[in-house]
$ cat structure16.cif   # mmCIF, C-alpha atoms
data_data
#
loop_
_atom_site.label_atom_id
_atom_site.label_comp_id
_atom_site.auth_asym_id
_atom_site.auth_seq_id
_atom_site.Cartn_x
_atom_site.Cartn_y
_atom_site.Cartn_z
CA MET A 19 88.50 103.53 72.06
CA THR A 20 89.40 100.43 74.03
CA ASN A 21 89.05 100.72 77.81
CA PRO A 22 91.41 98.82 80.09
CA VAL A 23 90.76 96.02 82.53
CA VAL A 24 92.03 97.32 85.90
CA LYS A 25 93.15 95.16 88.82
CA SER A 26 93.92 96.86 92.12
CA PHE A 27 96.24 95.73 94.90
CA TRP A 28 96.19 97.32 98.36
CA ASP A 29 99.19 97.52 100.66
CA GLU A 30 97.69 97.84 104.14
CA PRO A 31 100.85 98.95 106.04
CA THR A 32 101.21 102.07 103.88
CA GLY A 33 97.59 102.43 102.75
CA SER A 34 98.85 102.40 99.16
CA TRP A 35 97.05 101.24 96.03
CA GLN A 36 98.94 99.62 93.16
CA TYR A 37 97.42 98.82 89.80
CA VAL A 38 97.81 96.54 86.82
CA PHE A 39 95.81 97.49 83.76
CA HIS A 40 95.70 95.77 80.40
CA ASP A 41 94.10 95.81 76.98
CA PRO A 42 91.73 92.81 76.78
CA ASP A 43 92.30 92.49 73.02
CA THR A 44 96.10 92.38 72.82
CA MET A 45 96.77 91.48 76.50
CA LYS A 46 99.47 94.13 76.68
CA GLY A 47 99.54 95.80 80.09
CA ALA A 48 101.10 98.25 82.51
CA VAL A 49 101.76 98.53 86.24
CA VAL A 50 101.15 101.78 88.09
CA ASP A 51 103.04 102.65 91.30
CA PRO A 52 104.27 99.23 92.50
CA VAL A 53 105.34 98.98 96.14
CA LEU A 54 108.64 97.57 97.40
CA ASP A 55 108.09 96.39 100.97
CA PHE A 56 110.15 98.02 103.71
CA ASP A 57 110.28 97.19 107.42
CA PRO A 58 111.63 100.35 109.09
CA LEU A 59 112.38 98.59 112.36
CA ALA A 60 114.54 95.93 110.72
CA GLY A 61 115.71 98.09 107.82
CA ALA A 62 114.68 95.20 105.58
CA THR A 63 113.20 95.30 102.08
CA SER A 64 111.27 92.54 100.33
CA THR A 65 109.31 91.99 97.14
CA ALA A 66 106.09 90.44 98.46
CA ASN A 67 103.89 93.20 97.03
CA ALA A 68 105.64 93.22 93.67
CA GLN A 69 105.48 89.43 93.52
CA ARG A 70 101.69 89.62 93.97
CA LEU A 71 101.50 91.86 90.93
CA LEU A 72 103.82 89.64 88.92
CA ASP A 73 101.87 86.49 89.84
CA TYR A 74 98.66 88.14 88.60
CA ILE A 75 100.35 89.31 85.40
CA ASN A 76 101.66 85.83 84.67
CA ALA A 77 98.45 84.03 85.60
CA THR A 78 96.35 86.37 83.46
CA GLY A 79 98.65 86.12 80.45
CA ILE A 80 99.50 89.83 80.36
CA GLU A 81 102.52 91.04 78.41
CA LEU A 82 103.87 93.82 80.63
CA VAL A 83 105.14 96.71 78.50
CA TRP A 84 105.23 99.66 80.96
CA ILE A 85 106.03 100.20 84.64
CA LEU A 86 104.64 103.65 85.46
CA ASP A 87 105.42 105.84 88.46
CA THR A 88 103.18 108.86 89.05
CA HIS A 89 105.79 110.65 91.20
CA PRO A 90 108.55 109.90 93.72
CA HIS A 91 106.57 108.62 96.69
CA ALA A 92 107.00 109.76 100.29
CA ASP A 93 105.24 106.84 101.95
CA HIS A 94 106.62 103.71 100.27
CA PHE A 95 109.51 102.52 98.15
CA SER A 96 108.97 101.93 94.43
CA ALA A 97 109.37 98.37 93.14
CA ALA A 98 109.82 99.52 89.53
CA PRO A 99 113.45 98.32 89.17
CA TRP A 100 112.64 94.86 90.51
CA LEU A 101 109.68 94.44 88.18
CA LYS A 102 111.82 95.59 85.28
CA SER A 103 114.44 92.97 86.18
CA GLN A 104 111.73 90.29 86.06
CA THR A 105 109.90 91.42 82.92
CA GLY A 106 112.07 93.77 80.87
CA ALA A 107 109.24 96.32 80.76
CA THR A 108 110.01 100.02 80.27
CA THR A 109 110.02 102.24 83.37
CA ALA A 110 108.69 105.79 83.22
CA ILE A 111 107.80 108.85 85.28
CA GLY A 112 107.03 112.52 84.63
CA ALA A 113 109.80 114.75 83.26
CA LYS A 114 109.54 117.15 86.21
CA VAL A 115 111.09 114.46 88.42
CA THR A 116 114.38 116.24 87.78
CA ALA A 117 113.22 119.17 89.94
CA VAL A 118 112.38 116.75 92.78
CA GLN A 119 115.78 115.12 92.43
CA GLU A 120 117.54 118.48 92.62
CA LEU A 121 115.53 119.50 95.69
CA TRP A 122 116.13 116.30 97.64
CA LYS A 123 119.75 115.99 96.51
CA GLU A 124 120.36 119.16 98.49
CA ILE A 125 118.29 118.01 101.48
CA TYR A 126 120.21 114.71 101.66
CA ASN A 127 123.55 116.34 100.76
CA LEU A 128 124.14 113.72 98.07
CA PRO A 129 127.46 113.66 96.21
CA ASP A 130 128.01 115.81 93.14
CA ASP A 131 127.85 112.80 90.82
CA PHE A 132 124.27 111.94 91.84
CA ALA A 133 122.34 112.30 88.57
CA THR A 134 119.38 114.70 88.59
CA ASP A 135 118.46 114.21 84.94
CA GLY A 136 115.86 111.47 85.43
CA SER A 137 118.18 108.87 83.91
CA GLN A 138 117.17 106.39 86.61
CA TRP A 139 114.04 105.74 84.48
CA ASP A 140 113.89 104.56 80.88
CA HIS A 141 111.46 107.26 79.78
CA LEU A 142 110.30 110.67 81.02
CA PHE A 143 106.81 111.90 80.07
CA SER A 144 105.89 115.53 79.46
CA ASP A 145 102.45 117.07 79.87
CA GLY A 146 100.20 116.05 76.98
CA ASP A 147 102.29 113.08 75.87
CA GLY A 148 100.40 110.06 74.62
CA PHE A 149 101.26 106.40 74.16
CA MET A 150 99.48 103.10 73.63
CA VAL A 151 99.15 100.01 75.79
CA GLY A 152 97.95 97.63 73.13
CA ASN A 153 94.82 99.32 71.82
CA VAL A 154 94.31 101.43 74.97
CA PRO A 155 95.30 105.08 74.44
CA VAL A 156 97.06 106.68 77.40
CA LYS A 157 97.38 110.44 77.90
CA VAL A 158 99.75 112.05 80.39
CA MET A 159 98.52 115.03 82.44
CA PHE A 160 100.95 117.07 84.53
CA SER A 161 99.29 117.20 87.99
CA PRO A 162 101.56 119.14 90.37
CA GLY A 163 100.66 120.21 93.89
CA HIS A 164 101.31 117.13 96.00
CA THR A 165 104.81 117.16 94.50
CA LEU A 166 106.58 119.14 91.80
CA ALA A 167 106.54 116.12 89.50
CA SER A 168 103.15 114.42 89.93
CA ILE A 169 101.42 113.19 86.79
CA THR A 170 98.11 111.50 85.98
CA TYR A 171 97.81 108.65 83.48
CA VAL A 172 94.45 108.66 81.66
CA ALA A 173 94.15 105.20 80.07
CA GLY A 174 90.92 104.97 78.11
CA ASP A 175 88.18 105.65 80.66
CA ALA A 176 90.50 105.11 83.65
CA ALA A 177 92.49 107.90 85.32
CA PHE A 178 95.31 106.95 87.68
CA VAL A 179 95.60 110.11 89.78
CA HIS A 180 97.59 108.82 92.76
CA ASP A 181 98.29 111.59 95.29
CA THR A 182 95.87 114.24 94.08
CA LEU A 183 92.47 112.82 95.03
CA MET A 184 91.56 110.50 97.86
CA MET A 185 88.22 108.68 98.01
CA PRO A 186 85.30 111.14 98.20
CA ASP A 187 84.84 110.69 101.97
CA SER A 188 88.53 111.57 102.52
CA GLY A 189 88.83 114.52 100.16
CA THR A 190 92.14 115.30 98.49
CA SER A 191 95.82 114.73 99.16
CA ARG A 192 98.19 116.93 101.12
CA ALA A 193 100.33 119.62 99.52
CA ASP A 194 102.81 120.53 102.26
CA PHE A 195 105.87 118.50 101.26
CA PRO A 196 108.95 120.34 99.93
CA GLY A 197 107.93 121.62 96.50
CA GLY A 198 104.23 121.10 97.21
CA SER A 199 101.57 123.75 96.60
CA SER A 200 97.87 123.86 97.42
CA LYS A 201 97.48 126.40 94.62
CA ALA A 202 98.99 124.03 92.06
CA LEU A 203 97.00 121.13 93.48
CA TYR A 204 93.73 123.05 93.11
CA HIS A 205 94.38 123.61 89.41
CA SER A 206 95.45 119.98 88.92
CA LEU A 207 92.20 118.85 90.53
CA GLN A 208 90.17 121.10 88.23
CA ALA A 209 91.82 119.48 85.22
CA ILE A 210 90.98 116.01 86.54
CA LEU A 211 87.37 117.04 87.25
CA ALA A 212 87.13 118.30 83.66
CA LEU A 213 87.49 114.72 82.40
CA PRO A 214 84.23 113.02 81.32
CA ASP A 215 81.91 112.35 84.25
CA GLU A 216 82.03 108.59 83.67
CA THR A 217 85.83 108.47 83.96
CA ARG A 218 86.91 105.91 86.55
CA VAL A 219 89.29 107.63 88.98
CA PHE A 220 91.78 105.32 90.71
CA VAL A 221 93.44 106.83 93.77
CA GLY A 222 96.82 106.07 95.27
CA HIS A 223 95.87 105.84 98.93
CA ASP A 224 93.02 104.97 101.19
CA TYR A 225 93.20 104.76 104.97
CA ALA A 226 89.72 103.22 105.36
CA PRO A 227 88.15 105.85 107.66
CA ASP A 228 85.45 104.88 110.16
CA GLY A 229 86.30 101.21 109.80
CA ARG A 230 85.01 100.79 106.24
CA ASP A 231 86.79 98.52 103.78
CA ALA A 232 89.60 100.05 101.74
CA GLN A 233 88.39 101.51 98.44
CA CYS A 234 90.19 102.77 95.35
CA GLU A 235 87.68 103.80 92.67
CA ALA A 236 85.06 106.51 92.13
CA THR A 237 83.94 108.36 89.02
CA VAL A 238 84.59 112.00 88.21
CA ALA A 239 80.84 112.59 88.70
CA GLN A 240 80.97 111.05 92.19
CA HIS A 241 83.88 113.29 93.16
CA LYS A 242 82.04 116.38 91.93
CA GLU A 243 78.97 115.39 93.90
CA SER A 244 80.38 114.14 97.18
CA ASN A 245 84.14 114.69 97.59
CA ILE A 246 84.35 116.50 100.93
CA HIS A 247 86.93 119.01 99.63
CA LEU A 248 85.41 119.58 96.18
CA LYS A 249 81.62 119.35 96.35
CA GLY A 250 79.90 122.64 95.77
CA ALA A 251 82.76 123.73 93.48
CA PRO A 252 84.81 125.75 96.00
CA THR A 253 86.86 128.67 94.76
CA GLU A 254 90.63 128.42 94.77
CA ALA A 255 90.81 130.50 97.95
CA GLU A 256 88.18 128.37 99.70
CA TYR A 257 89.90 125.14 98.73
CA ARG A 258 93.35 126.36 99.73
CA ALA A 259 92.10 127.50 103.15
CA VAL A 260 90.74 124.02 103.87
CA ARG A 261 93.78 122.21 102.44
CA ASP A 262 96.39 124.39 104.16
CA LYS A 263 94.63 124.19 107.54
CA ARG A 264 94.43 120.41 107.27
CA ASP A 265 98.07 120.06 106.19
CA ALA A 266 99.28 122.13 109.14
CA SER A 267 97.83 119.49 111.47
CA LEU A 268 99.38 116.45 109.77
CA PRO A 269 102.57 114.69 110.86
CA LEU A 270 105.07 113.88 108.15
CA PRO A 271 104.74 110.37 106.67
CA ARG A 272 106.67 107.92 108.82
CA LEU A 273 108.66 106.57 105.86
CA MET A 274 109.23 109.88 104.05
CA LEU A 275 112.90 110.38 104.87
CA ALA A 276 113.67 106.77 103.98
CA ALA A 277 111.45 106.58 100.89
CA LEU A 278 112.49 109.74 99.08
CA GLN A 279 116.17 108.87 98.95
CA VAL A 280 115.24 105.54 97.36
CA ASN A 281 112.57 106.88 95.03
CA ILE A 282 114.62 109.73 93.59
CA ARG A 283 116.90 106.88 92.50
CA GLY A 284 113.99 105.31 90.62
CA GLY A 285 113.37 102.79 93.41
CA ARG A 286 116.98 101.70 93.82
CA LEU A 287 118.72 101.51 97.17
CA PRO A 288 121.73 103.79 97.69
CA GLU A 289 124.96 102.37 96.33
CA ALA A 290 126.48 99.74 98.57
CA GLU A 291 129.42 100.80 100.70
CA ALA A 292 132.70 98.94 101.12
CA ASN A 293 131.09 96.22 103.22
CA GLY A 294 128.50 95.49 100.53
CA ARG A 295 125.56 97.05 102.38
CA SER A 296 123.41 100.06 101.52
CA TYR A 297 122.67 102.74 104.11
CA LEU A 298 119.97 105.40 104.44
CA LYS A 299 120.65 108.95 105.66
CA LEU A 300 118.49 111.15 107.90
CA PRO A 301 118.76 114.94 107.53
CA LEU A 302 118.63 115.79 111.22
CA ASN A 303 116.74 118.98 112.17
CA TYR A 304 115.95 119.90 108.57
CA PHE A 305 112.24 119.41 109.33
CA GLU A 306 110.51 120.61 112.49
CA SER A 307 108.83 118.06 114.71
CA ARG A 308 105.07 117.88 114.25
#
$ encode --input "structure16.cif" --output "structure tokens"
Amino acid sequence: MTNPVVKSFWDEPTGSWQYVFHDPDTMKGAVVDPVLDFDPLAGATSTANAQRLLDYINATGIELVWILDTHPHADHFSAAPWLKSQTGATTAIGAKVTAVQELWKEIYNLPDDFATDGSQWDHLFSDGDGFMVGNVPVKVMFSPGHTLASITYVAGDAAFVHDTLMMPDSGTSRADFPGGSSKALYHSLQAILALPDETRVFVGHDYAPDGRDAQCEATVAQHKESNIHLKGAPTEAEYRAVRDKRDASLPLPRLMLAALQVNIRGGRLPEAEANGRSYLKLPLNYFESR
């Protein structure tokens, strides 16, 4: 089995990690969860993050074949469509994204013709699907809990888990968004922890607690030993009590209501109106203030 070379890119404003991985033999590669920049005060988007990824891809001589989303994000916009326009690579996400689209279509009161069939991506992955990036085998694991649609990409010895695990000193990710479930998240985490101990786990977020530098990688063994929510192998009930109590204290992500209506479109802005501009909607009083 060929293991991938992984390059990480941190977006400090959203605490998000983005990844490029490639097969060192064939130089074929993939991007995981690219960020489209968004300034909520100006309502302005830009491609600075995505350009960083593209510059690295070009400088390294990588042939980009996949642009992979793990789920529709609540804290940043996806840059998948822009990267596709620059490279022609295939976009993909988990097949359960259709349930997220249906849920948020109702929340945003989107028109009847808004497609909830996942057609905004080129390919939808089901649990257990496999594909190759050059000589690197990639397996798809359905990892619900944070969202209805979350998936993990296990590429060789690297697992891209995004919003399931955080770094060991931060624990695990929240499960209180619409469609989220601490019960489902617990079982998703158990499946990830059942991977070989030496598996490199790459997380989707880090908020650099206690002033340390941002980090993105720990092994399965390190999570078993020291993850503050998982060490000691808590039961489902014990884990859910900790997770649910923590989630009840958290404010909603500041970009959630903007990001979801873009990301259920595969990272595309809403269709432009008669004046040529796109507009975002806010579902007033749907969520309680926290």
$ residues_near_point --input "structure16.cif" --point "(82.5, 108.8, 78.6)" --cutoff "12 Å" --atoms "all atoms listed in the file" --output "JSON, numbers by chain"
{"A": [19, 20, 21, 174, 175, 176, 212, 213, 214, 215, 216, 217, 218, 237, 238, 239]}
$ residues_around --input "structure16.cif" --residues "segment 282-295 of chain A" --least-positions-apart "5" --cutoff "8 Å" --atoms "only C-alpha atoms" --output "VMD selection string"
chain A and resid 90 95 to 99 115 118 to 119 122 138 to 139
$ residues_around --input "structure16.cif" --residues "segment 184-190 of chain A" --least-positions-apart "3" --cutoff "8 Å" --atoms "all atoms listed in the file" --output "PyMOL selection string"
chain A and resi 181+221-224+227+233-236+240-241+244-248
$ resolve_selection --input "structure16.cif" --expression "the PyMOL selection byres ((chain A and resi 60-66) around 12)" --output "PyMOL selection string"
chain A and resi 27+29+52-59+67-73+94-101+104+273+276-277+280+285-287+295-298
$ resolve_selection --input "structure16.cif" --expression "the PyMOL selection byres ((chain A and resi 40-50) around 8)" --output "list of chain:residue names"
A:Thr20, A:Asn21, A:Pro22, A:Val23, A:Val24, A:Gln36, A:Tyr37, A:Val38, A:Phe39, A:Asp51, A:Pro52, A:Gly79, A:Ile80, A:Glu81, A:Leu82, A:Val83, A:Trp84, A:Ile85, A:Leu86, A:Asp87, A:Thr88, A:Val151, A:Gly152, A:Asn153, A:Val154, A:Phe178
$ write_last_selection --input "structure16.cif" --atoms "C-alpha atoms" --output "compact mmCIF listing (two decimals), keeping the file's coordinate frame"
# COMPACT_ATOMS: atom_id res chain seq x y z
CA THR A 20 89.40 100.43 74.03
CA ASN A 21 89.05 100.72 77.81
CA PRO A 22 91.41 98.82 80.09
CA VAL A 23 90.76 96.02 82.53
CA VAL A 24 92.03 97.32 85.90
CA GLN A 36 98.94 99.62 93.16
CA TYR A 37 97.42 98.82 89.80
CA VAL A 38 97.81 96.54 86.82
CA PHE A 39 95.81 97.49 83.76
CA ASP A 51 103.04 102.65 91.30
CA PRO A 52 104.27 99.23 92.50
CA GLY A 79 98.65 86.12 80.45
CA ILE A 80 99.50 89.83 80.36
CA GLU A 81 102.52 91.04 78.41
CA LEU A 82 103.87 93.82 80.63
CA VAL A 83 105.14 96.71 78.50
CA TRP A 84 105.23 99.66 80.96
CA ILE A 85 106.03 100.20 84.64
CA LEU A 86 104.64 103.65 85.46
CA ASP A 87 105.42 105.84 88.46
CA THR A 88 103.18 108.86 89.05
CA VAL A 151 99.15 100.01 75.79
CA GLY A 152 97.95 97.63 73.13
CA ASN A 153 94.82 99.32 71.82
CA VAL A 154 94.31 101.43 74.97
CA PHE A 178 95.31 106.95 87.68
$ axis_aligned_box --input "structure16.cif" --around "segment 283-297 of chain A" --padding-each-side "3 Å" --output "JSON"
{"center_x": 123.0, "center_y": 101.2, "center_z": 97.4, "size_x": 25.3, "size_y": 17.4, "size_z": 19.5}
$ atom_distance --input "structure16.cif" --atom1 "atom CA of Gln208 of chain A" --atom2 "atom CA of Asp135 of chain A"
29.3 Å
$ closest_residue --input "structure16.cif" --among "A:Tyr171, A:Ala107, A:Gln279, A:Arg272" --to "Pro31 of chain A" --atoms "all atoms listed in the file"
A:Arg272
$ residues_around --input "structure16.cif" --residues "Ala209 of chain A" --least-positions-apart "4" --cutoff "9 Å" --atoms "all atoms listed in the file" --output "VMD selection string"
chain A and resid 159 161 204 to 205 213
$ atom_distance --input "structure16.cif" --atom1 "atom CA of Phe143 of chain A" --atom2 "atom CA of Asn76 of chain A"
27.0 Å
$ atom_distance --input "structure16.cif" --atom1 "atom CA of Trp28 of chain A" --atom2 "atom CA of Asp140 of chain A"
25.9 Å
$ closest_residue --input "structure16.cif" --among "A:Leu183, A:Ile210, A:Ile111, A:Ala259" --to "Ser137 of chain A" --atoms "all atoms listed in the file"
A:Ile111
$ closest_residue --input "structure16.cif" --among "A:Phe220, A:Ala255, A:Asp262, A:Gly198" --to "Lys25 of chain A" --atoms "only C-alpha atoms"
A:Phe220
$ closest_residue --input "structure16.cif" --among "A:Asn303, A:Ser206, A:Thr116, A:Ser199" --to "Val179 of chain A" --atoms "only C-alpha atoms"
A:Ser206
$ residues_near_point --input "structure16.cif" --point "(98.6, 119.5, 108.0)" --cutoff "12 Å" --atoms "only C-alpha atoms" --output "VMD selection string"
chain A and resid 191 to 195 200 258 to 271 308
$ build_atoms --input "structure16.cif" --residues "segment 254-265 of chain A" --atoms "all heavy atoms" --output "PDB file, keeping the file's coordinate frame"
ATOM      1  N   GLU A 254      89.248 128.736  94.425  1.00  0.00           N
ATOM      2  CA  GLU A 254      90.630 128.420  94.770  1.00  0.00           C
ATOM      3  C   GLU A 254      90.944 128.830  96.202  1.00  0.00           C
ATOM      4  O   GLU A 254      91.552 128.063  96.965  1.00  0.00           O
ATOM      5  CB  GLU A 254      91.588 129.103  93.799  1.00  0.00           C
ATOM      6  CG  GLU A 254      93.049 128.861  94.128  1.00  0.00           C
ATOM      7  CD  GLU A 254      94.001 129.633  93.236  1.00  0.00           C
ATOM      8  OE1 GLU A 254      93.713 129.764  92.029  1.00  0.00           O
ATOM      9  OE2 GLU A 254      95.026 130.113  93.758  1.00  0.00           O
ATOM     10  N   ALA A 255      90.522 130.016  96.594  1.00  0.00           N
ATOM     11  CA  ALA A 255      90.810 130.500  97.950  1.00  0.00           C
ATOM     12  C   ALA A 255      90.136 129.622  98.997  1.00  0.00           C
ATOM     13  O   ALA A 255      90.740 129.318 100.041  1.00  0.00           O
ATOM     14  CB  ALA A 255      90.349 131.948  98.094  1.00  0.00           C
ATOM     15  N   GLU A 256      88.891 129.227  98.746  1.00  0.00           N
ATOM     16  CA  GLU A 256      88.180 128.370  99.700  1.00  0.00           C
ATOM     17  C   GLU A 256      88.858 127.016  99.821  1.00  0.00           C
ATOM     18  O   GLU A 256      89.047 126.496 100.936  1.00  0.00           O
ATOM     19  CB  GLU A 256      86.731 128.206  99.245  1.00  0.00           C
ATOM     20  CG  GLU A 256      85.892 129.465  99.375  1.00  0.00           C
ATOM     21  CD  GLU A 256      84.550 129.349  98.684  1.00  0.00           C
ATOM     22  OE1 GLU A 256      84.401 128.514  97.752  1.00  0.00           O
ATOM     23  OE2 GLU A 256      83.634 130.109  99.072  1.00  0.00           O
ATOM     24  N   TYR A 257      89.241 126.438  98.687  1.00  0.00           N
ATOM     25  CA  TYR A 257      89.900 125.140  98.730  1.00  0.00           C
ATOM     26  C   TYR A 257      91.247 125.225  99.461  1.00  0.00           C
ATOM     27  O   TYR A 257      91.550 124.399 100.327  1.00  0.00           O
ATOM     28  CB  TYR A 257      90.130 124.589  97.323  1.00  0.00           C
ATOM     29  CG  TYR A 257      90.994 123.348  97.343  1.00  0.00           C
ATOM     30  CD1 TYR A 257      90.464 122.127  97.729  1.00  0.00           C
ATOM     31  CD2 TYR A 257      92.363 123.411  97.049  1.00  0.00           C
ATOM     32  CE1 TYR A 257      91.258 120.988  97.793  1.00  0.00           C
ATOM     33  CE2 TYR A 257      93.164 122.284  97.119  1.00  0.00           C
ATOM     34  CZ  TYR A 257      92.602 121.076  97.494  1.00  0.00           C
ATOM     35  OH  TYR A 257      93.398 119.956  97.580  1.00  0.00           O
ATOM     36  N   ARG A 258      92.019 126.248  99.132  1.00  0.00           N
ATOM     37  CA  ARG A 258      93.350 126.360  99.730  1.00  0.00           C
ATOM     38  C   ARG A 258      93.259 126.577 101.242  1.00  0.00           C
ATOM     39  O   ARG A 258      94.104 126.057 101.999  1.00  0.00           O
ATOM     40  CB  ARG A 258      94.126 127.489  99.075  1.00  0.00           C
ATOM     41  CG  ARG A 258      94.473 127.234  97.616  1.00  0.00           C
ATOM     42  CD  ARG A 258      95.363 128.325  97.062  1.00  0.00           C
ATOM     43  NE  ARG A 258      96.672 128.315  97.710  1.00  0.00           N
ATOM     44  CZ  ARG A 258      97.588 129.267  97.550  1.00  0.00           C
ATOM     45  NH1 ARG A 258      97.324 130.319  96.793  1.00  0.00           N
ATOM     46  NH2 ARG A 258      98.750 129.176  98.159  1.00  0.00           N
ATOM     47  N   ALA A 259      92.258 127.287 101.703  1.00  0.00           N
ATOM     48  CA  ALA A 259      92.100 127.500 103.150  1.00  0.00           C
ATOM     49  C   ALA A 259      91.862 126.181 103.856  1.00  0.00           C
ATOM     50  O   ALA A 259      92.454 125.908 104.922  1.00  0.00           O
ATOM     51  CB  ALA A 259      90.952 128.476 103.401  1.00  0.00           C
ATOM     52  N   VAL A 260      91.024 125.336 103.273  1.00  0.00           N
ATOM     53  CA  VAL A 260      90.740 124.020 103.870  1.00  0.00           C
ATOM     54  C   VAL A 260      91.980 123.130 103.807  1.00  0.00           C
ATOM     55  O   VAL A 260      92.349 122.490 104.796  1.00  0.00           O
ATOM     56  CB  VAL A 260      89.553 123.357 103.147  1.00  0.00           C
ATOM     57  CG1 VAL A 260      89.397 121.901 103.585  1.00  0.00           C
ATOM     58  CG2 VAL A 260      88.269 124.125 103.417  1.00  0.00           C
ATOM     59  N   ARG A 261      92.631 123.095 102.630  1.00  0.00           N
ATOM     60  CA  ARG A 261      93.780 122.210 102.440  1.00  0.00           C
ATOM     61  C   ARG A 261      94.950 122.638 103.336  1.00  0.00           C
ATOM     62  O   ARG A 261      95.577 121.801 103.999  1.00  0.00           O
ATOM     63  CB  ARG A 261      94.200 122.252 100.976  1.00  0.00           C
ATOM     64  CG  ARG A 261      95.346 121.357 100.549  1.00  0.00           C
ATOM     65  CD  ARG A 261      94.982 119.889 100.588  1.00  0.00           C
ATOM     66  NE  ARG A 261      95.319 119.275 101.867  1.00  0.00           N
ATOM     67  CZ  ARG A 261      94.832 118.116 102.273  1.00  0.00           C
ATOM     68  NH1 ARG A 261      93.973 117.445 101.518  1.00  0.00           N
ATOM     69  NH2 ARG A 261      95.182 117.607 103.441  1.00  0.00           N
ATOM     70  N   ASP A 262      95.246 123.923 103.376  1.00  0.00           N
ATOM     71  CA  ASP A 262      96.390 124.390 104.160  1.00  0.00           C
ATOM     72  C   ASP A 262      96.160 124.193 105.658  1.00  0.00           C
ATOM     73  O   ASP A 262      97.096 123.849 106.393  1.00  0.00           O
ATOM     74  CB  ASP A 262      96.666 125.861 103.859  1.00  0.00           C
ATOM     75  CG  ASP A 262      97.186 126.083 102.440  1.00  0.00           C
ATOM     76  OD1 ASP A 262      97.605 125.106 101.795  1.00  0.00           O
ATOM     77  OD2 ASP A 262      97.157 127.249 101.977  1.00  0.00           O
ATOM     78  N   LYS A 263      94.931 124.409 106.122  1.00  0.00           N
ATOM     79  CA  LYS A 263      94.630 124.190 107.540  1.00  0.00           C
ATOM     80  C   LYS A 263      94.802 122.720 107.897  1.00  0.00           C
ATOM     81  O   LYS A 263      95.388 122.381 108.939  1.00  0.00           O
ATOM     82  CB  LYS A 263      93.214 124.654 107.861  1.00  0.00           C
ATOM     83  CG  LYS A 263      92.828 124.462 109.316  1.00  0.00           C
ATOM     84  CD  LYS A 263      91.407 124.964 109.587  1.00  0.00           C
ATOM     85  CE  LYS A 263      91.024 124.754 111.058  1.00  0.00           C
ATOM     86  NZ  LYS A 263      89.639 125.225 111.334  1.00  0.00           N
ATOM     87  N   ARG A 264      94.306 121.844 107.031  1.00  0.00           N
ATOM     88  CA  ARG A 264      94.430 120.410 107.270  1.00  0.00           C
ATOM     89  C   ARG A 264      95.892 119.989 107.267  1.00  0.00           C
ATOM     90  O   ARG A 264      96.346 119.246 108.142  1.00  0.00           O
ATOM     91  CB  ARG A 264      93.646 119.645 106.208  1.00  0.00           C
ATOM     92  CG  ARG A 264      93.835 118.131 106.199  1.00  0.00           C
ATOM     93  CD  ARG A 264      93.284 117.485 107.430  1.00  0.00           C
ATOM     94  NE  ARG A 264      93.342 116.036 107.339  1.00  0.00           N
ATOM     95  CZ  ARG A 264      93.435 115.227 108.394  1.00  0.00           C
ATOM     96  NH1 ARG A 264      93.459 115.733 109.615  1.00  0.00           N
ATOM     97  NH2 ARG A 264      93.479 113.923 108.235  1.00  0.00           N
ATOM     98  N   ASP A 265      96.664 120.469 106.293  1.00  0.00           N
ATOM     99  CA  ASP A 265      98.070 120.060 106.190  1.00  0.00           C
ATOM    100  C   ASP A 265      98.877 120.487 107.404  1.00  0.00           C
ATOM    101  O   ASP A 265      99.800 119.778 107.824  1.00  0.00           O
ATOM    102  CB  ASP A 265      98.688 120.654 104.923  1.00  0.00           C
ATOM    103  CG  ASP A 265      98.173 119.972 103.657  1.00  0.00           C
ATOM    104  OD1 ASP A 265      97.514 118.929 103.773  1.00  0.00           O
ATOM    105  OD2 ASP A 265      98.430 120.501 102.561  1.00  0.00           O
TER     106      ASP A 265
END
